[in-house]
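Participant: This one is entry_39.cif, mmCIF, C-alpha atoms.
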```cif
data_my_file
#
loop_
_atom_site.label_atom_id
_atom_site.label_comp_id
_atom_site.auth_asym_id
_atom_site.auth_seq_id
_atom_site.Cartn_x
_atom_site.Cartn_y
_atom_site.Cartn_z
CA MET A 1 45.01 19.57 167.90
CA LYS A 2 43.73 21.71 165.07
CA ILE A 3 40.58 23.70 164.67
CA PHE A 4 39.34 25.20 161.42
CA VAL A 5 37.72 28.60 161.56
CA THR A 6 35.98 30.32 158.67
CA ASP A 7 35.99 34.09 158.99
CA ALA A 8 33.56 36.74 157.76
CA ALA A 9 35.23 36.83 154.35
CA GLY A 10 34.74 33.08 153.95
CA ILE A 11 38.42 32.28 154.39
CA GLU A 12 39.20 29.18 156.39
CA HIS A 13 42.01 29.38 158.94
CA GLU A 14 43.72 26.31 160.35
CA LEU A 15 44.54 27.15 163.97
CA GLU A 16 46.53 25.29 166.56
CA GLY A 17 44.05 24.60 169.33
CA LEU A 18 45.01 24.13 172.94
CA ASP A 19 43.53 21.58 175.28
CA GLY A 20 41.56 23.41 177.99
CA TRP A 21 41.26 26.66 176.05
CA ARG A 22 37.97 27.96 174.82
CA ALA A 23 37.45 28.08 171.08
CA MET A 24 36.83 31.85 171.33
CA GLU A 25 40.19 32.36 173.04
CA VAL A 26 42.03 30.45 170.33
CA ILE A 27 40.25 32.36 167.56
CA ARG A 28 41.00 35.69 169.24
CA ASP A 29 44.57 34.73 170.07
CA TRP A 30 45.33 33.90 166.46
CA GLY A 31 43.90 37.23 165.36
CA VAL A 32 40.94 35.93 163.38
CA GLY A 33 38.25 38.62 163.50
CA ILE A 34 35.75 37.90 166.26
CA ARG A 35 34.14 40.53 168.46
CA ALA A 36 33.93 38.56 171.74
CA GLU A 37 32.93 41.73 173.55
CA CYS A 38 32.41 40.44 177.06
CA GLY A 39 35.67 38.52 177.01
CA GLY A 40 34.27 35.06 177.65
CA ALA A 41 31.80 35.70 180.47
CA CYS A 42 28.89 34.16 178.54
CA SER A 43 27.22 37.56 178.73
CA CYS A 44 26.93 38.78 175.17
CA ALA A 45 26.49 36.86 171.93
CA THR A 46 29.37 38.30 169.97
CA CYS A 47 31.43 35.11 169.77
CA HIS A 48 28.58 33.28 168.07
CA VAL A 49 29.71 30.53 165.65
CA TYR A 50 28.12 27.82 163.52
CA VAL A 51 29.52 24.39 164.33
CA ASP A 52 30.00 21.70 161.70
CA ALA A 53 27.64 18.76 161.81
CA ALA A 54 30.38 16.26 162.67
CA HIS A 55 31.17 17.98 165.96
CA PHE A 56 27.95 19.75 166.93
CA GLY A 57 26.48 16.68 168.58
CA GLN A 58 29.68 16.08 170.57
CA LEU A 59 29.40 19.36 172.43
CA PRO A 60 27.77 19.42 175.85
CA ALA A 61 24.32 21.01 175.73
CA ALA A 62 24.16 24.78 176.01
CA SER A 63 23.45 26.19 179.48
CA ASP A 64 20.32 28.26 180.05
CA ASP A 65 22.47 31.40 179.95
CA GLU A 66 23.97 30.45 176.61
CA GLU A 67 20.58 29.46 175.24
CA ASP A 68 19.11 32.85 176.21
CA LEU A 69 21.97 34.67 174.56
CA LEU A 70 21.70 32.59 171.40
CA CYS A 71 18.05 33.61 171.31
CA SER A 72 19.17 37.22 171.20
CA ALA A 73 21.49 36.54 168.26
CA LEU A 74 19.63 37.55 165.16
CA ASP A 75 21.41 35.13 162.86
CA ARG A 76 20.93 32.02 164.93
CA ARG A 77 20.77 28.64 163.21
CA ASP A 78 20.26 25.10 164.47
CA ASN A 79 24.02 24.61 164.80
CA SER A 80 24.72 27.86 166.63
CA ARG A 81 26.91 27.99 169.72
CA LEU A 82 28.86 30.62 171.61
CA SER A 83 32.53 29.84 171.01
CA CYS A 84 33.43 30.97 174.55
CA GLN A 85 31.43 27.99 175.78
CA ILE A 86 33.26 25.43 173.63
CA LEU A 87 36.02 23.97 175.77
CA LEU A 88 38.63 22.39 173.53
CA SER A 89 39.96 18.89 174.06
CA GLU A 90 41.62 16.24 171.91
CA ALA A 91 38.17 14.82 171.27
CA LEU A 92 37.33 17.98 169.33
CA ASP A 93 40.43 17.77 167.11
CA GLY A 94 39.42 18.94 163.65
CA LEU A 95 36.49 21.05 164.91
CA ARG A 96 35.17 23.32 162.17
CA VAL A 97 33.33 26.52 162.99
CA THR A 98 32.17 29.52 161.01
CA ILE A 99 31.98 32.92 162.67
CA ALA A 100 28.40 34.22 162.51
CA PRO A 101 28.00 37.58 160.74
CA SER A 102 26.87 39.27 163.97
CA ALA A 103 30.06 38.14 165.71
CA ALA A 104 32.54 39.02 163.00
CA GLY A 105 35.01 41.64 164.12
CA PRO A 106 38.26 43.24 163.08
CA ALA A 107 41.20 40.88 163.13
CA MET B 1 20.09 78.24 174.49
CA THR B 2 21.10 75.78 177.18
CA GLU B 3 23.33 77.09 179.91
CA GLU B 4 26.86 75.76 179.73
CA ILE B 5 28.10 73.65 182.58
CA ALA B 6 31.70 74.41 183.51
CA THR B 7 33.96 71.80 185.08
CA ASP B 8 37.56 70.68 185.11
CA VAL B 9 37.17 67.29 183.46
CA VAL B 10 34.56 65.53 181.34
CA ILE B 11 34.88 61.77 181.44
CA ILE B 12 33.15 59.96 178.59
CA GLY B 13 32.09 56.59 179.93
CA ALA B 14 31.16 55.66 183.50
CA GLY B 15 32.55 52.13 183.53
CA PRO B 16 34.99 50.99 186.22
CA VAL B 17 37.92 52.85 184.70
CA GLY B 18 36.00 56.11 184.21
CA LEU B 19 34.79 55.87 187.80
CA PHE B 20 38.26 55.28 189.20
CA ALA B 21 39.55 58.24 187.17
CA VAL B 22 37.23 60.42 189.31
CA PHE B 23 39.17 59.25 192.35
CA GLU B 24 42.62 59.93 190.95
CA LEU B 25 41.57 63.30 189.51
CA GLY B 26 39.72 64.16 192.70
CA LEU B 27 42.83 63.70 194.84
CA LEU B 28 44.36 66.39 192.63
CA ASP B 29 41.35 68.70 193.09
CA LEU B 30 39.95 68.23 189.61
CA ARG B 31 36.15 68.07 189.49
CA CYS B 32 34.51 65.64 187.07
CA HIS B 33 31.35 65.25 185.07
CA LEU B 34 30.70 61.84 183.54
CA VAL B 35 28.55 61.11 180.50
CA ASP B 36 27.30 57.58 179.77
CA ILE B 37 24.82 56.09 177.33
CA LEU B 38 23.56 53.64 179.95
CA ASP B 39 21.10 54.73 182.63
CA ARG B 40 23.41 53.76 185.49
CA PRO B 41 27.13 53.55 186.31
CA GLY B 42 29.29 50.52 185.62
CA GLY B 43 29.54 50.14 181.84
CA GLN B 44 30.13 46.55 180.78
CA CYS B 45 30.36 45.44 184.44
CA ALA B 46 26.79 46.60 184.99
CA GLU B 47 25.33 45.81 181.58
CA LEU B 48 27.04 42.59 180.54
CA TYR B 49 28.06 40.77 183.70
CA PRO B 50 26.68 42.30 186.92
CA GLU B 51 26.38 38.88 188.57
CA LYS B 52 29.51 37.31 187.13
CA PRO B 53 32.53 36.95 189.40
CA ILE B 54 35.76 38.77 188.51
CA TYR B 55 38.93 37.23 189.93
CA ASP B 56 41.70 39.57 188.83
CA ILE B 57 41.06 42.81 190.71
CA PRO B 58 43.99 43.33 193.10
CA GLY B 59 42.89 42.88 196.70
CA PHE B 60 39.61 41.18 195.79
CA PRO B 61 39.94 37.39 195.48
CA VAL B 62 36.49 37.54 193.95
CA VAL B 63 34.05 40.37 193.27
CA THR B 64 31.02 40.57 190.99
CA GLY B 65 30.77 43.17 188.26
CA GLN B 66 28.08 45.02 190.20
CA GLY B 67 29.98 44.63 193.48
CA LEU B 68 33.01 46.32 191.94
CA VAL B 69 30.87 49.16 190.60
CA ASP B 70 29.16 49.65 193.98
CA ASN B 71 32.54 49.82 195.72
CA LEU B 72 33.92 52.28 193.18
CA MET B 73 30.85 54.50 193.61
CA GLN B 74 31.45 54.50 197.36
CA GLN B 75 35.14 55.22 196.87
CA ILE B 76 34.53 58.27 194.66
CA ALA B 77 31.57 59.64 196.62
CA PRO B 78 33.77 62.19 198.50
CA PHE B 79 34.52 63.87 195.17
CA ALA B 80 30.82 64.31 194.31
CA PRO B 81 31.10 63.55 190.60
CA GLU B 82 28.14 64.57 188.48
CA PHE B 83 26.59 62.00 186.16
CA HIS B 84 24.80 62.52 182.88
CA PHE B 85 23.20 59.14 182.23
CA SER B 86 21.35 57.96 179.10
CA ARG B 87 23.31 60.52 177.13
CA MET B 88 25.77 60.15 174.32
CA VAL B 89 28.50 62.67 173.64
CA THR B 90 27.90 63.81 170.09
CA GLY B 91 30.13 66.85 169.79
CA LEU B 92 33.63 67.57 170.97
CA GLU B 93 34.99 70.94 169.98
CA ARG B 94 38.32 72.44 170.89
CA LEU B 95 38.27 75.98 172.26
CA GLY B 96 41.88 77.05 171.65
CA ASP B 97 43.81 76.89 174.90
CA GLU B 98 40.63 77.12 176.91
CA GLY B 99 39.86 73.44 176.72
CA PHE B 100 36.86 71.79 175.12
CA ARG B 101 33.14 72.14 174.59
CA VAL B 102 31.37 68.80 174.91
CA THR B 103 27.80 68.41 173.62
CA THR B 104 25.45 65.53 174.36
CA ASP B 105 22.57 64.19 172.28
CA ASP B 106 20.25 65.78 174.83
CA GLY B 107 21.61 69.22 174.03
CA GLU B 108 23.64 69.61 177.20
CA VAL B 109 26.82 71.62 176.82
CA ILE B 110 29.75 71.06 179.15
CA ARG B 111 32.89 73.14 179.03
CA ALA B 112 36.00 71.47 180.43
CA ARG B 113 39.73 71.93 180.48
CA ILE B 114 40.33 68.20 180.06
CA VAL B 115 38.47 65.39 178.30
CA VAL B 116 39.02 61.76 179.28
CA VAL B 117 37.66 59.11 176.94
CA ALA B 118 36.97 55.98 178.99
CA ALA B 119 34.44 54.54 176.60
CA GLY B 120 35.49 50.87 176.74
CA GLY B 121 34.25 48.99 173.70
CA GLY B 122 32.25 51.98 172.54
CA SER B 123 28.70 52.99 173.30
CA PHE B 124 25.97 50.46 173.92
CA GLN B 125 23.35 50.54 171.18
CA PRO B 126 20.27 48.37 170.70
CA LYS B 127 20.73 45.41 168.37
CA ARG B 128 18.92 46.03 165.12
CA PRO B 129 17.06 43.02 163.71
CA PRO B 130 18.32 42.09 160.23
CA LEU B 131 15.05 42.95 158.50
CA ASP B 132 15.00 44.45 155.05
CA GLY B 133 14.27 48.17 155.08
CA ILE B 134 13.87 48.46 158.86
CA GLU B 135 15.83 51.74 158.92
CA ALA B 136 12.95 53.56 157.20
CA PHE B 137 10.60 52.62 160.06
CA GLU B 138 12.90 53.49 162.95
CA GLY B 139 11.70 56.34 165.12
CA LYS B 140 8.33 56.34 163.34
CA SER B 141 6.80 52.96 164.01
CA VAL B 142 9.75 50.80 165.07
CA PHE B 143 11.35 51.76 168.38
CA TYR B 144 14.15 50.21 170.44
CA SER B 145 13.04 51.83 173.67
CA VAL B 146 9.96 53.55 174.97
CA ARG B 147 10.57 57.24 175.47
CA ARG B 148 6.93 58.34 175.41
CA MET B 149 4.19 55.91 176.34
CA ASP B 150 1.74 57.97 174.31
CA ASP B 151 3.44 56.83 171.10
CA PHE B 152 1.88 53.43 171.82
CA ARG B 153 -1.59 54.46 172.91
CA ASP B 154 -4.37 52.81 170.83
CA GLN B 155 -1.76 51.12 168.65
CA ASP B 156 -1.36 47.49 167.59
CA VAL B 157 1.91 46.75 169.33
CA VAL B 158 4.27 43.84 168.66
CA ILE B 159 7.06 43.32 171.20
CA VAL B 160 9.89 40.90 170.42
CA GLY B 161 12.20 39.40 173.03
CA GLY B 162 12.27 37.40 176.24
CA GLY B 163 14.21 39.57 178.65
CA ASP B 164 13.20 42.11 181.27
CA SER B 165 12.74 44.96 178.79
CA ALA B 166 10.36 42.91 176.63
CA LEU B 167 8.35 41.70 179.62
CA ASP B 168 8.27 45.05 181.44
CA TRP B 169 6.98 46.88 178.39
CA THR B 170 4.46 44.17 177.65
CA LEU B 171 2.99 44.77 181.10
CA ASN B 172 3.26 48.56 180.92
CA LEU B 173 1.80 48.98 177.46
CA GLU B 174 -0.99 46.42 177.69
CA PRO B 175 -3.43 48.83 179.38
CA ILE B 176 -3.04 51.53 176.71
CA ALA B 177 -2.37 49.58 173.50
CA ARG B 178 -5.25 48.57 171.24
CA SER B 179 -3.71 45.13 170.89
CA LEU B 180 -0.43 43.64 172.03
CA THR B 181 1.49 40.60 170.84
CA LEU B 182 4.64 39.31 172.49
CA VAL B 183 6.94 37.29 170.25
CA HIS B 184 9.81 35.18 171.56
CA ARG B 185 11.79 32.31 170.13
CA ARG B 186 11.52 30.20 173.28
CA ASP B 187 8.86 29.45 175.81
CA GLU B 188 11.33 30.41 178.53
CA PHE B 189 12.07 33.94 179.61
CA LYS B 190 15.09 35.58 181.15
CA ALA B 191 13.07 38.06 183.13
CA ALA B 192 11.80 38.53 186.66
CA PRO B 193 9.53 35.53 187.40
CA ALA B 194 6.80 37.86 188.70
CA SER B 195 6.68 39.64 185.33
CA VAL B 196 6.61 36.35 183.46
CA ASN B 197 3.69 35.12 185.58
CA LYS B 198 1.78 38.36 185.07
CA MET B 199 2.34 38.14 181.32
CA LYS B 200 1.03 34.56 181.30
CA GLU B 201 -2.08 35.69 183.18
CA LEU B 202 -2.70 38.37 180.57
CA VAL B 203 -2.38 35.76 177.82
CA ALA B 204 -4.75 33.40 179.67
CA ASP B 205 -7.26 36.25 180.06
CA GLY B 206 -7.08 36.92 176.34
CA ARG B 207 -5.81 40.47 176.89
CA ILE B 208 -2.57 39.95 175.00
CA SER B 209 -1.32 37.26 172.69
CA PHE B 210 1.94 35.33 172.78
CA GLN B 211 3.58 33.87 169.68
CA LEU B 212 6.41 31.37 169.80
CA GLY B 213 8.49 32.22 166.78
CA GLN B 214 10.59 34.86 165.16
CA ILE B 215 10.05 37.92 163.08
CA ALA B 216 10.67 37.35 159.39
CA ARG B 217 9.61 40.52 157.63
CA ILE B 218 7.90 43.83 158.22
CA GLU B 219 5.54 45.60 155.89
CA GLY B 220 4.32 49.18 155.67
CA GLU B 221 4.53 52.44 153.82
CA GLY B 222 6.41 55.67 154.35
CA GLY B 223 7.87 54.48 157.64
CA GLN B 224 4.46 53.46 158.95
CA LEU B 225 4.24 49.80 159.76
CA ASN B 226 1.05 47.87 159.00
CA HIS B 227 2.00 44.19 159.24
CA VAL B 228 4.59 42.05 160.97
CA HIS B 229 5.24 38.62 159.46
CA LEU B 230 6.33 35.85 161.78
CA THR B 231 7.81 32.41 161.28
CA THR B 232 6.41 30.02 163.85
CA LYS B 233 6.55 26.26 164.24
CA ALA B 234 2.89 26.20 163.22
CA GLY B 235 3.68 28.08 160.03
CA ASP B 236 3.92 31.63 158.78
CA LEU B 237 1.76 34.22 160.42
CA SER B 238 0.94 37.80 159.58
CA ILE B 239 -0.15 40.17 162.36
CA PRO B 240 -1.62 43.62 161.74
CA SER B 241 0.71 45.93 163.61
CA THR B 242 1.38 49.65 163.82
CA ARG B 243 4.21 49.60 166.37
CA LEU B 244 7.15 47.24 166.73
CA LEU B 245 9.48 47.09 169.73
CA PRO B 246 12.40 44.68 169.19
CA PHE B 247 14.34 44.02 172.42
CA PHE B 248 17.35 41.97 171.38
CA GLY B 249 19.77 43.43 173.88
CA LEU B 250 22.61 45.81 173.34
CA THR B 251 25.75 45.75 171.32
CA MET B 252 28.75 48.05 171.37
CA ARG B 253 29.66 50.49 168.63
CA LEU B 254 32.51 52.94 168.53
CA GLY B 255 30.06 55.73 167.73
CA PRO B 256 31.04 59.38 167.42
CA VAL B 257 34.53 58.84 168.92
CA ALA B 258 35.63 58.18 165.35
CA ASP B 259 34.70 61.74 164.33
CA TRP B 260 36.76 63.68 166.84
CA GLY B 261 39.96 63.86 164.87
CA LEU B 262 41.88 61.57 167.20
CA GLU B 263 44.52 59.26 165.79
CA LEU B 264 42.99 55.79 165.78
CA ASN B 265 44.60 52.41 165.58
CA ASP B 266 42.13 49.68 164.55
CA ASN B 267 39.27 51.76 165.99
CA LEU B 268 41.12 52.29 169.25
CA ILE B 269 42.56 55.62 170.40
CA ALA B 270 46.34 55.71 170.11
CA VAL B 271 47.98 57.01 173.31
CA ASP B 272 51.44 57.33 174.81
CA THR B 273 52.23 55.31 177.94
CA GLU B 274 53.45 58.19 180.07
CA LYS B 275 50.31 60.30 180.07
CA PHE B 276 47.78 58.21 178.13
CA GLU B 277 47.10 61.28 176.06
CA SER B 278 45.64 61.02 172.56
CA SER B 279 47.01 62.79 169.50
CA VAL B 280 45.03 65.87 170.62
CA PRO B 281 46.60 67.53 173.68
CA GLY B 282 44.11 67.67 176.54
CA ILE B 283 42.16 64.62 175.38
CA PHE B 284 43.19 61.47 177.21
CA ALA B 285 42.04 57.89 176.62
CA ILE B 286 42.10 55.17 179.27
CA GLY B 287 40.79 51.62 179.59
CA ASP B 288 39.68 49.31 176.78
CA ILE B 289 39.28 52.14 174.26
CA ASN B 290 43.00 52.96 174.01
CA ALA B 291 45.85 51.27 172.20
CA TYR B 292 49.59 51.19 172.89
CA PRO B 293 52.29 48.55 172.53
CA GLY B 294 51.74 45.78 175.05
CA LYS B 295 48.20 46.89 175.93
CA LEU B 296 46.16 44.40 177.94
CA LYS B 297 42.44 44.92 178.16
CA LEU B 298 42.18 44.44 181.90
CA ILE B 299 40.32 46.58 184.39
CA LEU B 300 43.48 46.82 186.47
CA SER B 301 45.43 48.23 183.50
CA GLY B 302 42.75 50.90 183.17
CA PHE B 303 43.19 51.81 186.83
CA HIS B 304 46.93 52.30 186.33
CA GLU B 305 46.27 54.38 183.23
CA ALA B 306 43.83 56.55 185.21
CA ALA B 307 46.46 57.32 187.85
CA LEU B 308 49.09 58.39 185.33
CA MET B 309 46.58 60.29 183.24
CA ALA B 310 45.48 62.26 186.32
CA GLN B 311 49.03 63.49 186.97
CA ALA B 312 49.33 64.71 183.39
CA ALA B 313 45.86 66.25 183.43
CA LYS B 314 46.69 68.17 186.60
CA LYS B 315 49.86 69.61 185.04
CA LEU B 316 47.84 70.71 182.05
CA ALA B 317 45.03 72.21 184.12
CA SER B 318 47.33 74.00 186.58
CA PRO B 319 50.62 74.52 184.76
CA ASN B 320 52.01 76.86 187.42
CA GLU B 321 51.23 74.70 190.41
CA ARG B 322 53.99 72.50 191.76
CA LEU B 323 52.65 68.96 191.89
CA VAL B 324 53.73 67.12 195.02
CA PHE B 325 53.17 63.40 194.89
CA GLN B 326 51.39 62.17 198.01
CA TYR B 327 50.11 58.92 199.48
CA THR B 328 46.61 58.52 200.90
CA THR B 329 48.12 56.54 203.81
CA SER B 330 50.20 59.46 205.08
CA SER B 331 48.95 62.74 203.64
CA THR B 332 46.44 64.46 205.88
CA LYS B 333 45.70 66.77 202.96
CA LEU B 334 44.50 63.84 200.87
CA GLN B 335 42.72 62.29 203.83
CA ARG B 336 40.82 65.54 204.34
CA LYS B 337 39.68 65.41 200.72
CA LEU B 338 38.47 61.88 201.29
CA GLY B 339 36.61 63.02 204.40
CA VAL B 340 38.40 60.56 206.67
CA VAL B 341 40.03 63.19 208.92
CA GLY B 342 38.57 66.51 210.08
#
```
I need this file expressed as structure tokens, please.

Facilitator:
Amino acid sequence: MKIFVTDAAGIEHELEGLDGWRAMEVIRDWGVGIRAECGGACSCATCHVYVDAAHFGQLPAASDDEEDLLCSALDRRDNSRLSCQILLSEALDGLRVTIAPSAAGPA
Amino acid sequence: MTEEIATDVVIIGAGPVGLFAVFELGLLDLRCHLVDILDRPGGQCAELYPEKPIYDIPGFPVVTGQGLVDNLMQQIAPFAPEFHFSRMVTGLERLGDEGFRVTTDDGEVIRARIVVVAAGGGSFQPKRPPLDGIEAFEGKSVFYSVRRMDDFRDQDVVIVGGGDSALDWTLNLEPIARSLTLVHRRDEFKAAPASVNKMKELVADGRISFQLGQIARIEGEGGQLNHVHLTTKAGDLSIPSTRLLPFFGLTMRLGPVADWGLELNDNLIAVDTEKFESSVPGIFAIGDINAYPGKLKLILSGFHEAALMAQAAKKLASPNERLVFQYTTSSTKLQRKLGVVG
């Protein structure tokens, strides 16, 4: 499966996704700049991404924890999610996300 | 002039790795002072995930972030480390062969033979809202924490956020502020339920106001705020305001570490894997802040780095002393230091 990730510079990366991995882990593993400070504990908001319309509705609803954290993200939009909470599966093949400015980090 | 504190080691960062370094250094008779920007020990474990389970600490099938910190504090208690909380190290000056002079943003001066940087992802700093020109208001009418309550007396205060800080300060400042408005993007709060209920009572009594929305723009002159503009579902709203307290949580920044002349590698401190020493002799870096080939950002890696660093630090601090490697299971000398035998 593939996921498409647009980085802070606006460049889109086509990444090989892995079933059962979290989108954040794939992004980080491929070296696309994302801060992901807490390492996937759903405790910060530095893996914040915007999800494309085609896939946003397919994602399970955000937990209360995630919702609270998204509220603390200053660049939240209607299609915001934390990429550490997006569990990849074949159903999400072709997922497109854009790293939010507040989550962009060094590659 | 502040009196200088003298110690063997200054550890910058009181996260799990900095705490465990106290243990390893303590077994070698090196006394430690720790400086941390947070107001309590634990670093990310305490600030980001105190309640979250960690599964990869050897010997603990599961332990929470706070549980690990509590255990480490107990483990290092025999070495009586001294903590300087809510402080940031701003200056690090080399004193020839004598070691280093470390200065904090509170003006404390600590002289030490060895400096250990265990600063993790950097220092925690409040998140700054992306509002045009907010920098000019900071410290004058926009604050990210309350240092002096009097700064808010008889002011029109706007507090933004839905966590404990936002709620606590809403309750604390209500009696002294001229007016107080709490702004949050949701009608749900991640704060102690008792505080939330109290806040709702204050709203019901008309003593404070609550706005469901977000801050769009601030207005004022010469750093002095006079209006806060909000976007709410009901439309745009402008509130007269002389003080703004945004509580959007903390984020990590490398901070002054970048200015200390250490060789950096992608904002991480380059170290060797024998001593975990930086490019400046006597300054070591352990835990998430360092970089070397094969580095894994795991707490357990930081523990290993602390043990090896301590051996090297001891050799540097006491060059003429023969260092005998001992185990805590068998050495009565070490057990005496730990206070487990008389």

Participant: Given the file shown, determine the residues that the PyMOL selection byres ((chain B and resi 293) around 10) selects; report them as a ChimeraX atom specification.

Facilitator: /B:270-273,291-292,294-296

Participant: When you get a sec, could you note down which chain B residues fall within 6 Å of chain A, using all atoms listed in the file, as a list in words?

Facilitator: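 Every residue meeting the condition is included here: Leu48, Tyr49 and Phe248 of chain B.
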
Participant: Build an axis-aligned box that encloses every atom of stretch 28-41 of chain A listed in the file, pad it by 4 Å on each side, and report its centre and edge lengths in Å to one decimal, as JSON.

Facilitator:
```
{"center_x": 38.6, "center_y": 37.8, "center_z": 171.9, "size_x": 21.5, "size_y": 15.8, "size_z": 25.1}
```

Participant: Taking the file as shown, what set of residues would the PyMOL selection byres ((chain B and resi 106-119) around 7) give back, as a ChimeraX atom specification?

Facilitator: /B:2,4-13,17-18,87,98-105,120-123,282-287,289,313,317

Participant: Find the residues around A:Gly20 up to 7 Å (all atoms listed in the file counted), leave out those fewer than 2 positions away in its own chain, and share them as a compact mmCIF listing (two decimals) with C-alpha atoms, in the frame of the given file.

Facilitator:
```
# COMPACT_ATOMS: atom_id res chain seq x y z
CA LEU A 18 45.01 24.13 172.94
CA ARG A 22 37.97 27.96 174.82
CA LEU A 87 36.02 23.97 175.77
CA LEU A 88 38.63 22.39 173.53
CA SER A 89 39.96 18.89 174.06
```

Participant: For the file shown, report as a VMD selection string the outcome of the PyMOL selection byres ((chain A and resi 19) around 12) at residue level.

Facilitator: chain A and resid 1 to 3 16 to 18 20 to 23 25 to 26 86 to 93

Participant: Ranking B:Leu244, B:Leu308, B:Met199, B:Ile215 by minimum distance to B:Pro130 and counting all atoms listed in the file, which one comes first?

Facilitator: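 Ranking B:Leu244, B:Leu308, B:Met199, B:Ile215 by distance to B:Pro130, first place goes to B:Ile215.
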
Participant: Skip B:Gly42 itself and residues of its chain fewer than 5 positions away, then list as a PyMOL selection string all residues within 12 Å of it, counting only C-alpha atoms.

Facilitator: chain B and resi 13-20+34-37+47-50+64-73+83+85+118-120+299

Participant: Could you tell me how far atom CA of B:Leu250 lies from atom CA of B:Gly213, in Å and to one decimal?

Facilitator: 20.7 Å

Participant: Residues at most 12 Å from stretch 174-176 of chain B, counting all atoms listed in the file, excluding those fewer than 5 positions away in the same chain, as a PyMOL selection string?

Facilitator: chain B and resi 149-159+166-169+181-182+198-199+202-203+206-209

Participant: So how many Å separate atom CA of B:Leu173 and atom CA of B:Arg185, to one decimal?

Facilitator: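 Answer for the atom CA of B:Leu173 to atom CA of B:Arg185 separation: 20.8 Å.
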
Participant: Take atom CA of B:Phe137 and atom CA of B:Gly222 and report the distance between them in Å, one decimal.

Facilitator: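 Separating atom CA of B:Phe137 from atom CA of B:Gly222 is a distance of 7.7 Å.
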
Participant: When you count only C-alpha atoms, which of these residues is closest to A:Ile27: A:Cys47, A:Ala62, A:Ala100, A:Ala53?

Facilitator: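 Using only C-alpha atoms, A:Ile27 sits closest to A:Cys47.
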
Participant: Find the residue from B:Val280, B:Ile76, B:Val63, B:Val340 that sits nearest to B:Leu27; use all atoms listed in the file when measuring.

Facilitator: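 Of all the options, B:Ile76 lies closest to B:Leu27.
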
Participant: Check the smallest atom-to-atom distance from each of B:Ala21, B:Gly223, B:Gly249, B:Leu323 to B:Glu138 using all atoms listed in the file, then report the winner.

Facilitator: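 Of B:Ala21, B:Gly223, B:Gly249, B:Leu323, the one nearest B:Glu138 is B:Gly223, counting all atoms listed in the file.
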
Participant: Quick one: of A:Arg76, A:Leu15, A:Leu95, A:Thr6, who's nearest to A:Gln58, counting all atoms listed in the file?

Facilitator: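 Of all the options, A:Leu95 lies closest to A:Gln58.
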
Participant: From the list A:Gly94, A:Glu66, A:Val49, A:Val32, which residue is nearest A:Ile11 when using all atoms listed in the file?

Facilitator: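 Ranking A:Gly94, A:Glu66, A:Val49, A:Val32 by distance to A:Ile11, first place goes to A:Val32.
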
Participant: Skipping near chain neighbours, those fewer than 3 positions away, what residues fall within 10 Å of A:Phe56 using only C-alpha atoms, listed as a list in words?

Facilitator: Tyr50, Val51, Asp52, Ala53, Leu59, Pro60, Ala61, Asp78, Asn79, Ser80, Arg81, Leu92, Leu95, Arg96 and Val97 of chain A

Participant: Write a file of the just-selected residues containing C-alpha atoms, as an mmCIF file, keeping the file's coordinate frame.

Facilitator:
```cif
data_model
loop_
_atom_site.group_PDB
_atom_site.id
_atom_site.type_symbol
_atom_site.label_atom_id
_atom_site.label_comp_id
_atom_site.auth_asym_id
_atom_site.auth_seq_id
_atom_site.Cartn_x
_atom_site.Cartn_y
_atom_site.Cartn_z
ATOM 1 C CA TYR A 50 28.120 27.820 163.520
ATOM 2 C CA VAL A 51 29.520 24.390 164.330
ATOM 3 C CA ASP A 52 30.000 21.700 161.700
ATOM 4 C CA ALA A 53 27.640 18.760 161.810
ATOM 5 C CA LEU A 59 29.400 19.360 172.430
ATOM 6 C CA PRO A 60 27.770 19.420 175.850
ATOM 7 C CA ALA A 61 24.320 21.010 175.730
ATOM 8 C CA ASP A 78 20.260 25.100 164.470
ATOM 9 C CA ASN A 79 24.020 24.610 164.800
ATOM 10 C CA SER A 80 24.720 27.860 166.630
ATOM 11 C CA ARG A 81 26.910 27.990 169.720
ATOM 12 C CA LEU A 92 37.330 17.980 169.330
ATOM 13 C CA LEU A 95 36.490 21.050 164.910
ATOM 14 C CA ARG A 96 35.170 23.320 162.170
ATOM 15 C CA VAL A 97 33.330 26.520 162.990
#
```

Participant: Write out as a list in words each polymer residue whose atoms come within 10 Å of B:Arg336, counting only C-alpha atoms; drop sequence neighbours fewer than 6 positions from it.

Facilitator: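 My list of contacting residues is Leu27, Pro78, Thr328 and Gly342 of chain B.
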